[in-house]
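Structure file model.txt; described as compact mmCIF, N, CA and C atoms.
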# COMPACT_ATOMS: atom_id res chain seq x y z
N GLN A 6 0.84 -1.17 0.00
CA GLN A 6 0.00 0.00 0.00
C GLN A 6 0.89 1.25 0.00
N GLU A 7 0.59 2.18 -0.93
CA GLU A 7 1.39 3.40 -1.03
C GLU A 7 0.71 4.53 -0.29
N LYS A 8 1.54 5.43 0.23
CA LYS A 8 1.04 6.57 0.99
C LYS A 8 1.64 7.84 0.40
N GLU A 9 0.82 8.88 0.23
CA GLU A 9 1.33 10.14 -0.30
C GLU A 9 2.28 10.78 0.70
N ALA A 10 3.31 11.39 0.17
CA ALA A 10 4.28 12.08 1.03
C ALA A 10 3.77 13.47 1.37
N SER A 11 4.20 14.00 2.50
CA SER A 11 3.83 15.36 2.88
C SER A 11 4.69 16.35 2.10
N ILE A 12 4.22 17.61 2.01
CA ILE A 12 5.00 18.65 1.34
C ILE A 12 5.30 19.75 2.35
N TYR A 13 6.33 20.52 2.07
CA TYR A 13 6.70 21.63 2.93
C TYR A 13 5.70 22.77 2.77
N LEU A 14 5.41 23.46 3.86
CA LEU A 14 4.47 24.57 3.84
C LEU A 14 4.94 25.68 2.89
N SER A 15 6.24 25.84 2.73
CA SER A 15 6.76 26.89 1.85
C SER A 15 6.44 26.61 0.38
N ASN A 16 6.07 25.38 0.04
CA ASN A 16 5.74 25.04 -1.34
C ASN A 16 4.25 25.17 -1.64
N VAL A 17 3.46 25.56 -0.65
CA VAL A 17 2.02 25.72 -0.85
C VAL A 17 1.75 27.12 -1.36
N VAL A 18 0.96 27.23 -2.45
CA VAL A 18 0.64 28.53 -3.03
C VAL A 18 -0.83 28.83 -2.75
N PRO A 19 -1.13 29.96 -2.09
CA PRO A 19 -2.53 30.29 -1.81
C PRO A 19 -3.27 30.70 -3.09
N ILE A 20 -4.58 30.49 -3.08
CA ILE A 20 -5.44 30.89 -4.19
C ILE A 20 -6.17 32.17 -3.77
N CYS A 21 -6.11 33.19 -4.61
CA CYS A 21 -6.77 34.46 -4.31
C CYS A 21 -8.29 34.29 -4.45
N PRO A 22 -9.08 34.79 -3.47
CA PRO A 22 -10.54 34.66 -3.57
C PRO A 22 -11.14 35.50 -4.69
N ARG A 23 -10.49 36.59 -5.11
CA ARG A 23 -11.04 37.43 -6.18
C ARG A 23 -10.53 36.99 -7.54
N CYS A 24 -9.22 36.78 -7.69
CA CYS A 24 -8.63 36.36 -8.97
C CYS A 24 -8.95 34.90 -9.29
N ASN A 25 -9.07 34.10 -8.24
CA ASN A 25 -9.25 32.65 -8.37
C ASN A 25 -8.06 32.00 -9.07
N LYS A 26 -6.86 32.56 -8.83
CA LYS A 26 -5.62 32.04 -9.41
C LYS A 26 -4.58 31.92 -8.29
N PRO A 27 -3.60 31.05 -8.49
CA PRO A 27 -2.49 30.99 -7.52
C PRO A 27 -1.75 32.33 -7.50
N THR A 28 -1.34 32.75 -6.32
CA THR A 28 -0.70 34.06 -6.21
C THR A 28 0.44 34.03 -5.21
N ARG A 29 1.37 34.97 -5.38
CA ARG A 29 2.37 35.21 -4.35
C ARG A 29 1.73 36.05 -3.27
N VAL A 30 2.29 36.01 -2.08
CA VAL A 30 1.72 36.73 -0.95
C VAL A 30 2.50 38.00 -0.70
N GLY A 31 1.76 39.11 -0.58
CA GLY A 31 2.35 40.38 -0.19
C GLY A 31 1.87 40.71 1.22
N HIS A 32 2.47 41.73 1.82
CA HIS A 32 2.09 42.14 3.18
C HIS A 32 1.88 43.64 3.18
N ARG A 33 0.90 44.07 3.97
CA ARG A 33 0.72 45.51 4.20
C ARG A 33 0.31 45.72 5.65
N ARG A 34 0.55 46.92 6.13
CA ARG A 34 0.25 47.28 7.51
C ARG A 34 -1.07 48.05 7.52
N LEU A 35 -2.00 47.64 8.38
CA LEU A 35 -3.29 48.32 8.52
C LEU A 35 -3.13 49.53 9.43
N PRO A 36 -4.08 50.50 9.36
CA PRO A 36 -3.96 51.70 10.20
C PRO A 36 -3.90 51.41 11.70
N ASP A 37 -4.49 50.30 12.14
CA ASP A 37 -4.44 49.97 13.57
C ASP A 37 -3.15 49.27 13.97
N GLY A 38 -2.22 49.08 13.02
CA GLY A 38 -0.92 48.50 13.32
C GLY A 38 -0.79 47.03 13.03
N ARG A 39 -1.90 46.35 12.76
CA ARG A 39 -1.84 44.91 12.46
C ARG A 39 -1.36 44.71 11.02
N GLY A 40 -0.78 43.56 10.76
CA GLY A 40 -0.36 43.21 9.41
C GLY A 40 -1.45 42.45 8.68
N GLU A 41 -1.37 42.43 7.35
CA GLU A 41 -2.36 41.73 6.55
C GLU A 41 -1.66 41.11 5.34
N ARG A 42 -2.06 39.88 5.00
CA ARG A 42 -1.53 39.22 3.81
C ARG A 42 -2.43 39.58 2.63
N ILE A 43 -1.82 39.96 1.49
CA ILE A 43 -2.60 40.36 0.33
C ILE A 43 -2.13 39.63 -0.92
N CYS A 44 -3.02 39.56 -1.91
CA CYS A 44 -2.71 39.01 -3.22
C CYS A 44 -1.79 39.98 -3.95
N ARG A 45 -0.70 39.49 -4.54
CA ARG A 45 0.22 40.37 -5.26
C ARG A 45 -0.34 40.77 -6.62
N ARG A 46 -1.33 40.04 -7.14
CA ARG A 46 -1.93 40.38 -8.44
C ARG A 46 -2.93 41.54 -8.32
N CYS A 47 -3.86 41.43 -7.34
CA CYS A 47 -4.96 42.39 -7.28
C CYS A 47 -5.05 43.17 -5.98
N GLY A 48 -4.30 42.79 -4.94
CA GLY A 48 -4.34 43.50 -3.67
C GLY A 48 -5.43 43.06 -2.72
N GLU A 49 -6.18 42.03 -3.07
CA GLU A 49 -7.26 41.52 -2.22
C GLU A 49 -6.68 40.86 -0.97
N PRO A 50 -7.23 41.14 0.22
CA PRO A 50 -6.77 40.44 1.43
C PRO A 50 -7.00 38.94 1.30
N LEU A 51 -6.04 38.13 1.77
CA LEU A 51 -6.14 36.68 1.65
C LEU A 51 -6.78 36.03 2.86
N GLY A 52 -7.07 36.78 3.89
CA GLY A 52 -7.72 36.19 5.07
C GLY A 52 -6.72 35.41 5.89
N GLY A 53 -7.21 34.40 6.60
CA GLY A 53 -6.33 33.60 7.42
C GLY A 53 -6.08 34.18 8.79
N GLU A 54 -7.00 35.04 9.26
CA GLU A 54 -6.82 35.63 10.58
C GLU A 54 -6.89 34.57 11.64

As structure tokens, what does this structure read like?
Amino acid sequence: QEKEASIYLSNVVPICPRCNKPTRVGHRRLPDGRGERICRRCGEPLGGE
């Protein structure tokens, strides 16, 4: 019986909810000082709070 191998988290690419495409992750600082992960294609927040 074969078992799938695990992958490193750094190799996982998030999917943008607006573009619906794989994207690189950008970061921006919100006015209240918290950080936010954003889509590098369109600037949509990626969530994951």

(Q) As an exercise, work out the distance from atom N of Lys26 of chain A to atom C of Glu9 of chain A in Å and give it to one decimal place. (A) 25.5 Å

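Taking atom N of Ala10 of chain A and atom CA of Thr28 of chain A as the two end points, the separation is 23.9 Å.
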
Q | Between atom C of Gly31 of chain A and atom N of Cys44 of chain A, distance in Å (one decimal) | A |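 Interatomic distance here is 5.9 Å.
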
**Q.** Residues within 6.5 Å of His32 of chain A, all atoms listed in the file, excluding chain neighbours under 2 positions, as a PyMOL selection string
**A.** chain A and resi 30+34+41-43

**Q.** DSSP-assigned strand (DSSP E) among chain A, expressed as a list of chain:residue names
**A.**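 Written out, the strand (DSSP E) residues of chain A are A:Val30, A:Gly31, A:His32, A:Arg33, A:Arg34, A:Gly40, A:Glu41, A:Arg42, A:Ile43, A:Cys44.
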
Q. Contacts of segment 23-25 of chain A at 8 Å or less, counting all atoms listed in the file, minus same-chain residues fewer than 4 places along, as a PyMOL selection string?
A. chain A and resi 19+46-47+49-50

Q: Would you please work out which residue, of A:Ile20, A:Lys8, A:Arg29, A:Tyr13, is nearest to Arg45 of chain A when using only C-alpha atoms?
A: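 Checking each of A:Ile20, A:Lys8, A:Arg29, A:Tyr13 against Arg45 of chain A, counting only C-alpha atoms, the winner is A:Arg29.
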
Q.
Measuring between only N, CA and C atoms, which one of A:Val17, A:Ile12, A:Gly38, A:Pro22 shows the shortest distance to Gly52 of chain A?
A.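 That would be A:Pro22, the residue with the smallest distance to Gly52 of chain A.
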